[in-house]
Every structure is written in C-alpha cells, then in structure tokens.
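Undergrad: Can you read through this structure? Questions will come right after.
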Amino acid sequence: MKPVVSIIMPAYNAATTLSAAIDSVQRQTGLAWELLVIDGGSTDNTTAIIDQLAGEPNIRCFSEPDLGIYDAMNKGINRAKGDWLYFLGADDQLMPQALTTAAKNFTSAYKVVFGDVQFENGYRMQSYLGPRTWLQNTLHHQAAFYHRSIFDDFRYDLSLQLLADYELNLLVYQHQWPVYYTGQLVAMCHSGGASSNWTKSLKETNIVRKRFLKQGWKQALLSTALFLYYGQKRLRRKLYGHKI
C-alpha cells in the first residue's frame with residue numbers, strides 16, 4: 001500500500017534516543033506510513049540500531065556522511081513516496097495516534113496541516129502562521145505535515161544550519177497557501193537543540209527574512225524587535241532557569 005505519510009528522521013550519533021523515536025512511529029496505527037531514517041554516518045551505536053531494522057516493514061534506512069540535518073532532510077524528500085511529508089527528530093517522539101488525527105485533514109484543500117509540540121519541561125508550543133511569522137519562525141517543524149507538492153520546487157538551504165525550515169514556513173505564509181491548524185499535540189520534543197542558540201538563530205532569521213522583505217526599514221525594525229525578544233528570554237533563563 002502506498003504510504004500516506006513519509007516520516008523523515010535525520011539522525012547522527014543518536015543512539016540514546018533513536019529507538020524511542022522509532023518506537024513512537026511504529027506504534028502509529030490506522031494509516032499507511034513509511035519511515036526513512038537518514039543517518040549521517042554516526043560513530044556511536046546508531047548504525048547498530050539501524051542494522052536491527054533490516055526487514056522491518058515500511059522502514060528504510062540509509063547511512064552515509066552528509067552535510068548536516070538539512071542535507072539529510074533533502075535526501076529524505078528525494079526518497080519519500082508518501083503524499084504528505086513529516087520530519088521527526090531522532091530525539092523526539094510522535095504522540096499516540098498523531099498520524100490518524102492529522103490525516104482527517106489531509107485533503108487537496110490544504111498545503112500544510114499542523115498542530116502543537118510539547119517540550120520535556122512541560123512547555124507546549126502552539127504553532128501558527130500569521131503576521132508574527134515575519135518576526136520569527138512560528139511553526140515548529142515537528143508539528144507540521146507538508147503536502148509533497150510543496151517540495152516540487154523547494155529544498156532546504158544547506159548554507160543555513162538552524163532555520164532553513166523558517167524559509168519554508170515563510171514561503172507558505174507569503175504565498176498564503178491554504179493551511180489547517182488541528183489543535184492536536186503532535187510530538188514531544190527535546191528542548192536543548194541547536195535552535196536554542198539565540199545568537200545564531202537571530203542571524204539566520206535575518207538572513208531568511210531578507211530574502212522576502214525588500215523594504216530595509218521593515219527588516220531593521222523586525223531585527224531589532226527580535227533582538228530585544230531574545231534578550232528578555234536570556235534574562236528569564238538567567239533568573240528563572242527557563243529553557244524555552
């Protein structure tokens with residue numbers, strides 16, 4: 001049966017979390033799916049875990065050196081067979097029945113179907129696309145299911161290390177492609193990823209936004225606003241220990 005959803009899982013030295021991430025996919029029922037594990041040539045036991053998956057139905061694994069997470073995601077896109085694509089981190093987990101809940105809205109009427117994610121510290125991030133998307137990325141990658149037609153003319157920019165997914169989401173918002181917010185909790189996510197590097201996030205956000213905004217004053221205003229926003233987040237972390 002042709003998969004409805006292709007789940008693309010980039011991995012690199014993820015031996016401590018990979019099995020749980022894969023298990024969360026294998027527990028999904030009621031919908032045809034495939035899992036593509038794209039390993040970047042790990043040096044820990046990740047490859048041993050992948051080898052144990054040989055012969056598992058609906059799972060394909062690839063292990064070779066790559067140029068980072070977005071290179072792995074592009075490789076997954078090129079190999080995916082599903083009508084909808086979803087990206088799950090090797091240290092994240094799908095919620096039970098996440099696929100069947102989202103699939104109720106997998107129609108030709110929408111380009112993106114998305115919900116929320118929750119971090120291990122209990123913080124729930126509600127994703128959305130709206131005016132604030134011009135300021136920063138407001139749609140978490142692990143919350144979104146993308147129709148494969150989006151990738152007919154798009155691949156993630158390998159010059160970006162943290163926010164190539166922001167470029168995709170800003171593209172969707174700029175073109176006002178139809179999207180649907182389900183309100184569901186899609187995945188549990190690790191909060192200590194590279195995107196918590198606010199200095200680099202600010203830099204890459206500005207790079208991406210500049211590709212879409214031609215007015216220099218708007219770019220300067222949004223850049224300053226985001227700098228101040230990250231500043232108060234740093235202060236909250238220092239005072240209260242908040243990770244998000």
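Chain lettering (A, B, ...) mirrors the order of the structure tokens, residue numbering begins at 1 for each chain separately, and ligand numbering begins at 1 in order of display.
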As JSON, numbers by chain, please: all residues of range 99-216 of chain A that backbone DSSP puts in alpha helix (DSSP H).
TA: {"A": [99, 100, 101, 102, 103, 164, 165, 166, 167, 168, 169, 170, 171, 172, 173, 174, 198, 199, 200, 201, 202, 203, 204, 205, 206, 207, 208, 209, 210, 211, 212, 216]}
Undergrad: Give me every strand (DSSP E or B) residue in range 46-201 of chain A, going by DSSP on the backbone, as a ChimeraX atom specification.
TA: /A:59-63,84-87,93-94,112-119,124-126,144-147,179-189
Undergrad: Include N, CA and C atoms and write out the residues we just selected as an mmCIF file, in the first residue's frame.
TA:
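After the write, result.cif holds the following:
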data_model
loop_
_atom_site.group_PDB
_atom_site.id
_atom_site.type_symbol
_atom_site.label_atom_id
_atom_site.label_comp_id
_atom_site.auth_asym_id
_atom_site.auth_seq_id
_atom_site.Cartn_x
_atom_site.Cartn_y
_atom_site.Cartn_z
ATOM 1 N N ILE A 59 9.939 0.530 6.758
ATOM 2 C CA ILE A 59 11.082 1.296 7.254
ATOM 3 C C ILE A 59 12.246 1.132 6.283
ATOM 4 N N ARG A 60 12.808 2.253 5.873
ATOM 5 C CA ARG A 60 14.013 2.245 5.045
ATOM 6 C C ARG A 60 15.083 3.086 5.734
ATOM 7 N N CYS A 61 16.289 2.571 5.774
ATOM 8 C CA CYS A 61 17.382 3.246 6.473
ATOM 9 C C CYS A 61 18.555 3.482 5.531
ATOM 10 N N PHE A 62 19.190 4.609 5.725
ATOM 11 C CA PHE A 62 20.333 4.984 4.910
ATOM 12 C C PHE A 62 21.390 5.580 5.838
ATOM 13 N N SER A 63 22.619 5.189 5.637
ATOM 14 C CA SER A 63 23.704 5.701 6.478
ATOM 15 C C SER A 63 24.888 6.059 5.593
ATOM 16 N N TRP A 84 2.184 13.049 1.892
ATOM 17 C CA TRP A 84 2.469 14.048 2.912
ATOM 18 C C TRP A 84 3.806 13.726 3.556
ATOM 19 N N LEU A 85 4.574 14.755 3.866
ATOM 20 C CA LEU A 85 5.901 14.576 4.456
ATOM 21 C C LEU A 85 5.933 15.176 5.861
ATOM 22 N N TYR A 86 6.581 14.449 6.759
ATOM 23 C CA TYR A 86 6.705 14.882 8.148
ATOM 24 C C TYR A 86 8.132 14.614 8.600
ATOM 25 N N PHE A 87 8.698 15.552 9.366
ATOM 26 C CA PHE A 87 10.081 15.445 9.813
ATOM 27 C C PHE A 87 10.116 15.281 11.332
ATOM 28 N N GLN A 93 9.546 12.350 19.820
ATOM 29 C CA GLN A 93 8.619 11.226 19.729
ATOM 30 C C GLN A 93 7.246 11.694 19.290
ATOM 31 N N LEU A 94 6.643 10.932 18.373
ATOM 32 C CA LEU A 94 5.270 11.181 17.968
ATOM 33 C C LEU A 94 4.311 10.807 19.092
ATOM 34 N N VAL A 112 -0.486 22.575 4.123
ATOM 35 C CA VAL A 112 0.145 22.235 5.392
ATOM 36 C C VAL A 112 -0.946 21.977 6.423
ATOM 37 N N VAL A 113 -0.801 20.895 7.172
ATOM 38 C CA VAL A 113 -1.670 20.585 8.308
ATOM 39 C C VAL A 113 -0.776 20.514 9.531
ATOM 40 N N PHE A 114 -1.102 21.269 10.569
ATOM 41 C CA PHE A 114 -0.190 21.317 11.716
ATOM 42 C C PHE A 114 -0.927 21.434 13.043
ATOM 43 N N GLY A 115 -0.213 21.073 14.104
ATOM 44 C CA GLY A 115 -0.728 21.189 15.462
ATOM 45 C C GLY A 115 0.331 21.809 16.360
ATOM 46 N N ASP A 116 0.501 21.231 17.566
ATOM 47 C CA ASP A 116 1.441 21.763 18.552
ATOM 48 C C ASP A 116 2.486 20.718 18.905
ATOM 49 N N VAL A 117 3.541 21.170 19.574
ATOM 50 C CA VAL A 117 4.518 20.261 20.181
ATOM 51 C C VAL A 117 4.656 20.623 21.653
ATOM 52 N N GLN A 118 5.123 19.657 22.423
ATOM 53 C CA GLN A 118 5.389 19.901 23.841
ATOM 54 C C GLN A 118 6.813 19.473 24.167
ATOM 55 N N PHE A 119 7.507 20.301 24.957
ATOM 56 C CA PHE A 119 8.879 20.000 25.335
ATOM 57 C C PHE A 119 8.912 19.236 26.650
ATOM 58 N N ARG A 124 4.234 23.809 26.231
ATOM 59 C CA ARG A 124 3.567 23.470 24.974
ATOM 60 C C ARG A 124 3.647 24.663 24.036
ATOM 61 N N MET A 125 4.225 24.443 22.869
ATOM 62 C CA MET A 125 4.329 25.497 21.865
ATOM 63 C C MET A 125 3.183 25.371 20.878
ATOM 64 N N GLN A 126 2.350 26.404 20.819
ATOM 65 C CA GLN A 126 1.264 26.428 19.856
ATOM 66 C C GLN A 126 1.768 27.041 18.560
ATOM 67 N N ALA A 144 4.302 19.902 11.985
ATOM 68 C CA ALA A 144 3.724 20.158 10.659
ATOM 69 C C ALA A 144 3.827 18.976 9.711
ATOM 70 N N PHE A 145 2.754 18.774 8.965
ATOM 71 C CA PHE A 145 2.708 17.815 7.861
ATOM 72 C C PHE A 145 2.591 18.622 6.575
ATOM 73 N N TYR A 146 3.537 18.429 5.665
ATOM 74 C CA TYR A 146 3.601 19.204 4.431
ATOM 75 C C TYR A 146 3.180 18.342 3.234
ATOM 76 N N HIS A 147 2.317 18.889 2.391
ATOM 77 C CA HIS A 147 1.968 18.163 1.176
ATOM 78 C C HIS A 147 3.184 18.110 0.269
ATOM 79 N N VAL A 179 -3.658 26.405 4.750
ATOM 80 C CA VAL A 179 -3.156 25.562 5.828
ATOM 81 C C VAL A 179 -4.292 25.281 6.802
ATOM 82 N N TYR A 180 -4.100 24.259 7.647
ATOM 83 C CA TYR A 180 -5.120 23.927 8.633
ATOM 84 C C TYR A 180 -4.459 23.622 9.964
ATOM 85 N N TYR A 181 -4.944 24.281 11.012
ATOM 86 C CA TYR A 181 -4.451 24.044 12.370
ATOM 87 C C TYR A 181 -5.402 23.093 13.081
ATOM 88 N N THR A 182 -4.872 21.946 13.511
ATOM 89 C CA THR A 182 -5.712 20.912 14.113
ATOM 90 C C THR A 182 -5.915 21.103 15.606
ATOM 91 N N GLY A 183 -4.982 21.789 16.268
ATOM 92 C CA GLY A 183 -5.046 21.929 17.718
ATOM 93 C C GLY A 183 -4.519 20.714 18.475
ATOM 94 N N GLN A 184 -4.119 19.672 17.759
ATOM 95 C CA GLN A 184 -3.656 18.455 18.406
ATOM 96 C C GLN A 184 -2.206 18.594 18.872
ATOM 97 N N LEU A 185 -1.830 17.775 19.831
ATOM 98 C CA LEU A 185 -0.430 17.661 20.230
ATOM 99 C C LEU A 185 0.198 16.584 19.358
ATOM 100 N N VAL A 186 1.129 16.997 18.495
ATOM 101 C CA VAL A 186 1.692 16.083 17.504
ATOM 102 C C VAL A 186 2.886 15.313 18.050
ATOM 103 N N ALA A 187 3.779 15.997 18.767
ATOM 104 C CA ALA A 187 5.025 15.343 19.177
ATOM 105 C C ALA A 187 5.546 15.912 20.486
ATOM 106 N N MET A 188 6.335 15.092 21.170
ATOM 107 C CA MET A 188 7.107 15.523 22.327
ATOM 108 C C MET A 188 8.526 15.782 21.839
ATOM 109 N N CYS A 189 9.065 16.949 22.174
ATOM 110 C CA CYS A 189 10.344 17.366 21.607
ATOM 111 C C CYS A 189 11.376 17.685 22.680
#
Undergrad: So that each row is one residue of range 55-114 of chain A with an atom at most 9 Å from range 10-13 of chain A, can you give its shortest atom pair and the distance in Å to one decimal, using only C-alpha atoms, rows by chain and rising number, as a Markdown table?
TA:
| residue | atom | partner | partner_atom | distance |
| --- | --- | --- | --- | --- |
| A:Gly68 | CA | A:Tyr12 | CA | 8.8 |
| A:Ile69 | CA | A:Pro10 | CA | 6.1 |
| A:Tyr70 | CA | A:Pro10 | CA | 8.4 |
| A:Asp71 | CA | A:Pro10 | CA | 9.0 |
| A:Ala72 | CA | A:Pro10 | CA | 5.6 |
| A:Met73 | CA | A:Pro10 | CA | 6.4 |
| A:Gly76 | CA | A:Pro10 | CA | 8.2 |
| A:Phe87 | CA | A:Pro10 | CA | 8.0 |
| A:Leu88 | CA | A:Pro10 | CA | 7.5 |
| A:Gly89 | CA | A:Pro10 | CA | 6.3 |
| A:Ala90 | CA | A:Ala11 | CA | 5.5 |
| A:Asp91 | CA | A:Ala11 | CA | 8.6 |
Undergrad: Write out as a list of chain:residue names which residues come within 10 Å of Asp44 in chain A when counting only C-alpha atoms, dropping same-chain ones fewer than 2 positions away.
TA: A:Tyr12, A:Asn13, A:Ala14, A:Ala15, A:Thr16, A:Gly41, A:Ser42, A:Thr46, A:Thr47, A:Ala48, A:Ile49
Undergrad: Nearest residue to Leu129 in chain A out of A:Val37, A:Leu171, A:Leu163, A:Leu235, using only C-alpha atoms?
TA: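 Using only C-alpha atoms, the shortest distance to Leu129 in chain A belongs to A:Leu171.
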Undergrad: Have a look at CA of Gly30 in chain A and CA of Val5 in chain A and let me know their distance in Å, one decimal.
TA: 11.8 Å
Undergrad: If you count only C-alpha atoms, which residues fall within 12 Å of Gln174 in chain A, apart from same-chain ones fewer than 3 positions away, as a ChimeraX atom specification?
TA: /A:129-134,166-171,177-178,209,211-213
Undergrad: What's around Ile77 in chain A at 9 Å? Count only C-alpha atoms, leave out sequence neighbours fewer than 2 positions away in its own chain, and write the answer as a list in words.
TA: Ser6, Ile8, Ala72, Met73, Asn74, Lys75, Arg79, Ala80, Lys81, Leu85, Arg148, Phe151 and Arg155 of chain A
Undergrad: Of the residues A:His190, A:Phe154, A:Gln176, A:Ala109, which is the one nearest to Gly122 in chain A, using only C-alpha atoms?
TA: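 Answer, going by the shortest atom-to-atom distance: A:His190.
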Undergrad: Using only C-alpha atoms, which residue out of A:Asp165, A:Pro57, A:Val4, A:Thr224 lies closest to Lys104 in chain A?
TA: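 So, comparing all the options, the nearest one is A:Val4.
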